[in-house]
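Q: Structure provided below as structure tokens; questions to follow.
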Amino acid sequence: MSLWIKNGNVWNEGTKRLESKHIRIEDGIIAELLDSGADVDTGSADAVDAGGKLVSAGFIDMHVHLRDPGFEHKEDIITGSRSAAKGGFTTIACMPNTRPVIDKPETVKYVVDKAKNAGIVKVLPYAAITKNELGRELTDFAALKEAGAIGFTDDGVGVQNAQMMKDAMALARSLDMPVIAHCEDDTLVEGAWASEGEFSRKHGIKGIPNESEAIHVGRDALLAEATGVHYHVCHVSTEQSVRLIRLAKSVGTKITAEVCPHHLILSDEDIPGLDDANWKMNPPLRTPRDVQAVIEGLEDGTIDMIVTDHAPHSAEEKARGVDLAPFGIVGFETAFPLLYTKFVETGRWSLGFLLEKMTKDPARVFRLNTGRLEVGAPADITIVDLESERAVDPADTLSKSSNTPFGGWQLKGWPVTTIVNGNIVWSE
């Protein structure tokens, strides 16, 4: 099957600028990149005229919640994949805190098979570190890897027992697999939903201290150094965590990390009050100092990539109020416009830097054969209209859920076409 993308603007990392290109795709692989001045005959092949829009390698999101199996009223593999495609993502990695937990080979295979049959985006499942994510007994790592798991995590809860985490790291290292950690000390967070900062003090509520995250980051960095495992820190949100990851990298520990758009853009001082649970997320929004620290950590390479932590919940669940509502916000469809508007349009980042953190770097860290717009690479491609500007409308989503604090925000840089293995899986 042949497909042409004509007149697209492609970021050239060497020249640090956009260059107009035609792209020929054959059998799901990028076959040619030609200067747009070249005369091309597309013949009977399908063609997409990008019309000067940005053409990028497809975005990669290594931290998402598809809620399937068990919580399909919030999201499922098909609706989540459609929402991801609308956001420009071509590869996503889903967390195992479903019901049942993805802790057995048959559950891994369920996710792999359902995503493959859907034929939308590439879905890579993580498996749980411990059975039922209870922190008491390790899962069968070898069998889970064989079934298709790409790493091990108890995301949603931190592994509280240090010996359990060390044993998990040693086992994962023996299988050449990564351990991905939700860093949270349970003894410091019970009964709180907002960060310990200006917001919690103003409203007289218990806050979640930064140490609740950083204690596990520091502990696990030492365990990773001892075991030699590839250790990846989820959704970094605090200055202390950034400092500890930077130190661990400086001594050669195989540690990588991710950050979410909301922790790069929002602080606890942005929360409008106590009556909107769409501002309740885990980790919580931290202080402006922490926001600046994670931005600088991403910029200097301490933090390796951007993820969404797409966490859909039903409107009914979020309407229970901040004390009872679940943690989390959706993220697929607003991620690139938020980051492009906040950081590229303002001149803080180059377009190339943002693209790198959403394509090449996650592929590098997790050794994926994608994230590259070059001859021979899989034709996973996103087309973005950098000039398109509109307000975020929570009702205009392909997800089953619309829990976001960004409703009404005016943003630029919206994806318009997403291609996976040479097939158009979403188009505006």
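Lettering and numbering for the structure tokens are positional, with chains as A, B, ... in the shown order, residues counted from 1 in each chain, and ligands counted from 1 in the shown order.
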Compile the contact shell of Leu171 (chain A) as a list in words: residues with an atom at most 10 Å away, counting only C-alpha atoms, same-chain residues fewer than 4 positions apart removed.
A: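 The contact residues come out as Leu138, Asp140, Phe141, Ala142, Met165, Lys166, Asp167, Leu175, Asp176, Met177, Pro178, Val179, Thr227 and Val229 of chain A.
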Q: For Asn423 (chain A), find every residue with an atom within 10 Å (counting only C-alpha atoms), except residues of its own chain fewer than 5 positions away, and show them as a list in words.
A: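 That gives Met1, Ser2, Leu3, Ile25, Asp27, Gly28, Gly119, Ile120, Ala379, Asp380, Ile381 and Thr418 of chain A.
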Q: Residues of region 339-416 of chain A that approach region 307-312 of chain A to 9 Å or less, counting only C-alpha atoms: could you list each one with the shortest pair of atoms and its distance in Å to one decimal, rows by chain and increasing residue number, as a Markdown table?
A:
| residue | atom | partner | partner_atom | distance |
| --- | --- | --- | --- | --- |
| A:Lys357 | CA | A:Val307 | CA | 8.9 |
| A:Met358 | CA | A:Val307 | CA | 7.5 |
| A:Pro362 | CA | A:Val307 | CA | 8.9 |
| A:Ser399 | CA | A:Pro312 | CA | 7.8 |
| A:Lys400 | CA | A:Pro312 | CA | 7.6 |
| A:Ser401 | CA | A:Pro312 | CA | 5.3 |
| A:Ser402 | CA | A:Pro312 | CA | 7.1 |
| A:Asn403 | CA | A:Pro312 | CA | 6.5 |
Q: Between A:Asp113, A:Glu374, A:Asp103, A:Glu190, which one has atoms that come closest to Ala57 (chain A), using only C-alpha atoms?
A: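 Among the listed residues, the smallest separation from Ala57 (chain A) belongs to A:Glu374.
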Q: Which residue is closest to Val291 (chain A)? Choose from A:Gly156, A:Gly347, A:Pro261, A:Pro394 and count only C-alpha atoms.
A: A:Pro261
Q: Leaving out His22 (chain A) and any residue of its chain fewer than 2 positions from it, which residues lie within 10 Å of it when counting only C-alpha atoms, given as a ChimeraX atom specification?
A: /A:4-10,20,24,32-40,48-50,55
Q: Need to verify the contact set: Glu345 (chain A), 12 Å, only C-alpha atoms, exclusion of same-chain residues closer than 5 positions in sequence. Can you return it as number ranges by chain?
A: A: 336-340, 350-351, 354, 386-387, 389, 411-413
Q: Do you have, as a tab-separated table, the list of residues of region 248-297 of chain A lying at most 6 Å from region 234-239 of chain A, each with its nearest atom pair and that distance in Å to one decimal, counting only C-alpha atoms and ordered by chain then number?
A:
residue	atom	partner	partner_atom	distance
A:Glu258	CA	A:His235	CA	5.4
A:Val259	CA	A:His235	CA	4.7
A:Cys260	CA	A:His235	CA	5.9
A:Asp290	CA	A:Glu239	CA	4.8
A:Ala293	CA	A:Glu239	CA	5.1
Q: Please, could you write that set of residues out with N, CA and C atoms as a JSON list (two decimals), in the first residue's frame?
A:
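The resulting selection.json:
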[["chain", "number", "residue", "atom", "x", "y", "z"],
["A", 258, "GLU", "N", 9.98, 11.09, 33.73],
["A", 258, "GLU", "CA", 8.96, 11.72, 32.88],
["A", 258, "GLU", "C", 8.27, 12.83, 33.66],
["A", 259, "VAL", "N", 7.62, 13.73, 32.90],
["A", 259, "VAL", "CA", 6.83, 14.79, 33.51],
["A", 259, "VAL", "C", 5.59, 15.01, 32.66],
["A", 260, "CYS", "N", 4.50, 15.47, 33.31],
["A", 260, "CYS", "CA", 3.22, 15.68, 32.62],
["A", 260, "CYS", "C", 3.03, 17.16, 32.28],
["A", 290, "ASP", "N", 8.31, 24.36, 42.48],
["A", 290, "ASP", "CA", 8.40, 23.00, 41.92],
["A", 290, "ASP", "C", 8.17, 23.02, 40.41],
["A", 293, "ALA", "N", 11.25, 24.00, 38.80],
["A", 293, "ALA", "CA", 12.26, 22.94, 38.90],
["A", 293, "ALA", "C", 12.04, 21.84, 37.87]]
Q: What parts of region 137-235 of chain A does DSSP call strand (DSSP E or B)? I'd like the answer as a list in words.
A: Leu138, Phe152, Val179, Ile180, Ala181, Ala194, Ser195, Gly207, Ile208, Tyr231, His232 and Val233 of chain A
Q: Show which residues sit within 7 Å of Ser212 (chain A), as a ChimeraX atom specification. Count only C-alpha atoms, and ignore same-chain residues fewer than 6 positions away.
A: /A:184-185,188-189
Q: Report, in Å to a single decimal, how far apart CA of Val108 (chain A) and CA of Thr139 (chain A) are.
A: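 Going from CA of Thr139 (chain A) over to CA of Val108 (chain A), I get 12.5 Å.
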Q: Identify which of the residues A:Arg364, A:Arg286, A:Lys104, A:Arg82 lies closest to Lys145 (chain A), counting only C-alpha atoms when measuring atom-to-atom distances.
A: A:Lys104
Q: Env of region 264-278 of chain A: 10 Å cut, atoms = only C-alpha atoms, seq-sep filter 2 positions within chain, self excluded. Answer as number ranges by chain.
A: A: 193-200, 202-203, 205, 236-237, 259-262, 280-281, 284-296, 298, 306, 313, 315, 317-330, 338-339, 342-343, 402-407
